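J.: I have a structure I would like to understand better, so I am pasting it below and will then ask my questions one at a time.
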Amino acid sequence: MTEERTALDGFMTGRAPAMLLVGLVGVAAIVWFLVGVFSAPWQLDPSSPTVMSSTAECDAKRGAQYQIRVGGETYGHCGGATNKCAEVEAVAIAYDASDPAQCRVASAAGGIGRYEATFLLLGLGLSFAGAAGASFLLSQRTRRAAASGEVSAEIGAARFQRLQRICWASLAAAAVTANGTALYLLL
């Protein structure tokens, strides 16, 4: 195995550790998103009863949170918003007739909201960047192990090439996801 620098070496050297940390943030964002997904009232669908929201609050984690009044009682934390803050306070909110506290923006009932999808895409893109950083660091470790004789040159070269391909693919996936997220936000 040769010690020649690759095009990837030129780009990733010095950036890989930071990208690995960014990837950990991405994984945390996905976990954060999944907690919200699993706590959403999935029994609601577009045919659930709806009511117009009475107020709204900003929430950076879950998007705008709406309050509704059903039967004289106020219920809050209705998610599924499009943005961090409500563009308009009065939006249609679907709720469970037997438990109105189980509520969600009607357009997002039975699915994920636009704000939630943005967090998922962002976390996914950051995770791909982290995978690129991790695979690059592992490829460098493999290169050193082959050079020092810890592994055979043939095995080291094969691992190195595989890790370099994973790094390229992860970088491409991170770029596509970043551009896709930007387009999703603009549309």
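Just remember, in the structure tokens the first chain shown is A, the second B, etc., residues are 1-based per chain, and ligands are 1-based in the order shown.
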Write down as an MDAnalysis selection string the residues of chain A whose backbone DSSP state falls under strand (DSSP E).

T.: chainID A and resid 50:52 55:57 65:70 73:78 92:96 99:105

J.: Could you save the residues just selected, with C-alpha atoms, as a JSON list (two decimals), in the first residue's frame?

T.:
```
[["chain", "number", "residue", "atom", "x", "y", "z"],
["A", 50, "THR", "CA", -61.27, 19.38, 14.02],
["A", 51, "VAL", "CA", -61.50, 22.75, 15.68],
["A", 52, "MET", "CA", -59.75, 26.04, 14.99],
["A", 55, "THR", "CA", -53.59, 30.63, 20.46],
["A", 56, "ALA", "CA", -50.11, 29.55, 19.41],
["A", 57, "GLU", "CA", -46.62, 29.56, 20.90],
["A", 65, "GLN", "CA", -47.60, 24.63, 19.43],
["A", 66, "TYR", "CA", -51.29, 25.40, 19.26],
["A", 67, "GLN", "CA", -53.98, 25.53, 21.92],
["A", 68, "ILE", "CA", -57.58, 24.54, 21.34],
["A", 69, "ARG", "CA", -60.83, 24.84, 23.23],
["A", 70, "VAL", "CA", -63.14, 21.85, 23.20],
["A", 73, "GLU", "CA", -61.76, 23.21, 28.26],
["A", 74, "THR", "CA", -58.39, 24.40, 26.95],
["A", 75, "TYR", "CA", -55.89, 21.90, 25.59],
["A", 76, "GLY", "CA", -52.39, 22.78, 24.46],
["A", 77, "HIS", "CA", -49.28, 21.46, 22.81],
["A", 78, "CYS", "CA", -50.94, 20.52, 19.55],
["A", 92, "ALA", "CA", -57.49, 23.60, 11.89],
["A", 93, "ILE", "CA", -56.46, 21.18, 14.64],
["A", 94, "ALA", "CA", -57.50, 17.52, 14.63],
["A", 95, "TYR", "CA", -58.14, 15.98, 18.02],
["A", 96, "ASP", "CA", -59.23, 12.72, 19.58],
["A", 99, "ASP", "CA", -59.22, 12.81, 24.70],
["A", 100, "PRO", "CA", -58.89, 16.30, 23.15],
["A", 101, "ALA", "CA", -55.39, 16.64, 24.66],
["A", 102, "GLN", "CA", -54.35, 14.27, 21.86],
["A", 103, "CYS", "CA", -54.29, 16.89, 19.13],
["A", 104, "ARG", "CA", -52.31, 17.77, 16.03],
["A", 105, "VAL", "CA", -52.45, 20.23, 13.14]]
```

J.: Where does DSSP see helix (DSSP H, G or I) in stretch 63-147 of chain A, if you list the residues as a VMD selection string?

T.: chain A and resid 106 to 108 114 to 147

J.: With N, CA and C atoms kept, could you save the residues just selected as an mmCIF file, in the first residue's frame?

T.:
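Written out: result13.cif:
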```cif
data_model
loop_
_atom_site.group_PDB
_atom_site.id
_atom_site.type_symbol
_atom_site.label_atom_id
_atom_site.label_comp_id
_atom_site.auth_asym_id
_atom_site.auth_seq_id
_atom_site.Cartn_x
_atom_site.Cartn_y
_atom_site.Cartn_z
ATOM 1 N N ALA A 106 -54.283 19.613 11.675
ATOM 2 C CA ALA A 106 -55.060 18.700 10.824
ATOM 3 C C ALA A 106 -54.309 18.292 9.562
ATOM 4 N N SER A 107 -53.553 19.208 8.978
ATOM 5 C CA SER A 107 -52.831 18.869 7.750
ATOM 6 C C SER A 107 -51.692 17.879 7.996
ATOM 7 N N ALA A 108 -51.271 17.715 9.259
ATOM 8 C CA ALA A 108 -50.193 16.780 9.597
ATOM 9 C C ALA A 108 -50.717 15.558 10.346
ATOM 10 N N ARG A 114 -44.183 19.520 8.496
ATOM 11 C CA ARG A 114 -43.063 20.080 7.723
ATOM 12 C C ARG A 114 -41.883 20.432 8.624
ATOM 13 N N TYR A 115 -42.142 21.009 9.780
ATOM 14 C CA TYR A 115 -41.062 21.374 10.697
ATOM 15 C C TYR A 115 -40.343 20.115 11.181
ATOM 16 N N GLU A 116 -41.093 19.071 11.485
ATOM 17 C CA GLU A 116 -40.504 17.810 11.930
ATOM 18 C C GLU A 116 -39.671 17.177 10.819
ATOM 19 N N ALA A 117 -40.168 17.226 9.593
ATOM 20 C CA ALA A 117 -39.439 16.666 8.460
ATOM 21 C C ALA A 117 -38.128 17.410 8.223
ATOM 22 N N THR A 118 -38.151 18.715 8.438
ATOM 23 C CA THR A 118 -36.932 19.507 8.281
ATOM 24 C C THR A 118 -35.882 19.059 9.288
ATOM 25 N N PHE A 119 -36.288 18.838 10.538
ATOM 26 C CA PHE A 119 -35.349 18.356 11.551
ATOM 27 C C PHE A 119 -34.803 16.982 11.174
ATOM 28 N N LEU A 120 -35.643 16.128 10.650
ATOM 29 C CA LEU A 120 -35.200 14.798 10.240
ATOM 30 C C LEU A 120 -34.162 14.904 9.122
ATOM 31 N N LEU A 121 -34.439 15.709 8.111
ATOM 32 C CA LEU A 121 -33.500 15.877 7.007
ATOM 33 C C LEU A 121 -32.189 16.497 7.473
ATOM 34 N N LEU A 122 -32.275 17.476 8.344
ATOM 35 C CA LEU A 122 -31.073 18.114 8.866
ATOM 36 C C LEU A 122 -30.233 17.104 9.658
ATOM 37 N N GLY A 123 -30.876 16.355 10.535
ATOM 38 C CA GLY A 123 -30.155 15.347 11.318
ATOM 39 C C GLY A 123 -29.540 14.283 10.432
ATOM 40 N N LEU A 124 -30.251 13.902 9.387
ATOM 41 C CA LEU A 124 -29.741 12.896 8.461
ATOM 42 C C LEU A 124 -28.506 13.413 7.723
ATOM 43 N N GLY A 125 -28.568 14.649 7.262
ATOM 44 C CA GLY A 125 -27.418 15.246 6.569
ATOM 45 C C GLY A 125 -26.205 15.354 7.477
ATOM 46 N N LEU A 126 -26.413 15.793 8.707
ATOM 47 C CA LEU A 126 -25.305 15.886 9.655
ATOM 48 C C LEU A 126 -24.739 14.505 9.977
ATOM 49 N N SER A 127 -25.602 13.510 10.056
ATOM 50 C CA SER A 127 -25.148 12.141 10.316
ATOM 51 C C SER A 127 -24.293 11.619 9.168
ATOM 52 N N PHE A 128 -24.676 11.935 7.932
ATOM 53 C CA PHE A 128 -23.855 11.542 6.783
ATOM 54 C C PHE A 128 -22.482 12.210 6.835
ATOM 55 N N ALA A 129 -22.453 13.482 7.233
ATOM 56 C CA ALA A 129 -21.168 14.175 7.368
ATOM 57 C C ALA A 129 -20.314 13.486 8.439
ATOM 58 N N GLY A 130 -20.939 13.084 9.524
ATOM 59 C CA GLY A 130 -20.214 12.363 10.573
ATOM 60 C C GLY A 130 -19.693 11.024 10.096
ATOM 61 N N ALA A 131 -20.480 10.332 9.286
ATOM 62 C CA ALA A 131 -20.031 9.049 8.726
ATOM 63 C C ALA A 131 -18.829 9.266 7.811
ATOM 64 N N ALA A 132 -18.830 10.373 7.082
ATOM 65 C CA ALA A 132 -17.680 10.689 6.229
ATOM 66 C C ALA A 132 -16.436 10.923 7.076
ATOM 67 N N GLY A 133 -16.596 11.700 8.141
ATOM 68 C CA GLY A 133 -15.457 11.956 9.028
ATOM 69 C C GLY A 133 -14.942 10.691 9.683
ATOM 70 N N ALA A 134 -15.847 9.853 10.160
ATOM 71 C CA ALA A 134 -15.444 8.606 10.827
ATOM 72 C C ALA A 134 -14.754 7.663 9.852
ATOM 73 N N SER A 135 -15.302 7.502 8.659
ATOM 74 C CA SER A 135 -14.690 6.580 7.697
ATOM 75 C C SER A 135 -13.332 7.096 7.224
ATOM 76 N N PHE A 136 -13.186 8.415 7.103
ATOM 77 C CA PHE A 136 -11.880 8.954 6.729
ATOM 78 C C PHE A 136 -10.860 8.691 7.823
ATOM 79 N N LEU A 137 -11.228 8.950 9.072
ATOM 80 C CA LEU A 137 -10.297 8.706 10.180
ATOM 81 C C LEU A 137 -9.913 7.230 10.263
ATOM 82 N N LEU A 138 -10.881 6.353 10.032
ATOM 83 C CA LEU A 138 -10.583 4.919 10.036
ATOM 84 C C LEU A 138 -9.681 4.535 8.858
ATOM 85 N N SER A 139 -9.877 5.183 7.715
ATOM 86 C CA SER A 139 -9.013 4.880 6.560
ATOM 87 C C SER A 139 -7.568 5.297 6.850
ATOM 88 N N GLN A 140 -7.403 6.408 7.546
ATOM 89 C CA GLN A 140 -6.049 6.845 7.904
ATOM 90 C C GLN A 140 -5.414 5.894 8.917
ATOM 91 N N ARG A 141 -6.215 5.420 9.823
ATOM 92 C CA ARG A 141 -5.730 4.442 10.804
ATOM 93 C C ARG A 141 -5.319 3.151 10.088
ATOM 94 N N THR A 142 -6.120 2.722 9.128
ATOM 95 C CA THR A 142 -5.796 1.527 8.346
ATOM 96 C C THR A 142 -4.514 1.739 7.552
ATOM 97 N N ARG A 143 -4.350 2.923 6.979
ATOM 98 C CA ARG A 143 -3.129 3.250 6.220
ATOM 99 C C ARG A 143 -1.900 3.134 7.123
ATOM 100 N N ARG A 144 -1.994 3.681 8.334
ATOM 101 C CA ARG A 144 -0.868 3.604 9.271
ATOM 102 C C ARG A 144 -0.588 2.158 9.696
ATOM 103 N N ALA A 145 -1.665 1.379 9.924
ATOM 104 C CA ALA A 145 -1.500 -0.017 10.333
ATOM 105 C C ALA A 145 -0.822 -0.829 9.226
ATOM 106 N N ALA A 146 -1.170 -0.572 7.981
ATOM 107 C CA ALA A 146 -0.540 -1.286 6.863
ATOM 108 C C ALA A 146 0.922 -0.868 6.708
ATOM 109 N N ALA A 147 1.185 0.430 6.911
ATOM 110 C CA ALA A 147 2.563 0.924 6.780
ATOM 111 C C ALA A 147 3.456 0.365 7.881
#
```

J.: For a quick check of understanding, using only C-alpha atoms, which of A:Asn83, A:Phe11, A:Glu3, A:Val27 has the smallest distance to A:Gly156?

T.: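 Using only C-alpha atoms, A:Gly156 sits closest to A:Glu3.
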
J.: Can you tell me how far atom CA of A:Asp45 sits from atom CA of A:Ser98, in Å to one decimal?

T.: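 Taking atom CA of A:Asp45 and atom CA of A:Ser98, their separation equals 14.4 Å.
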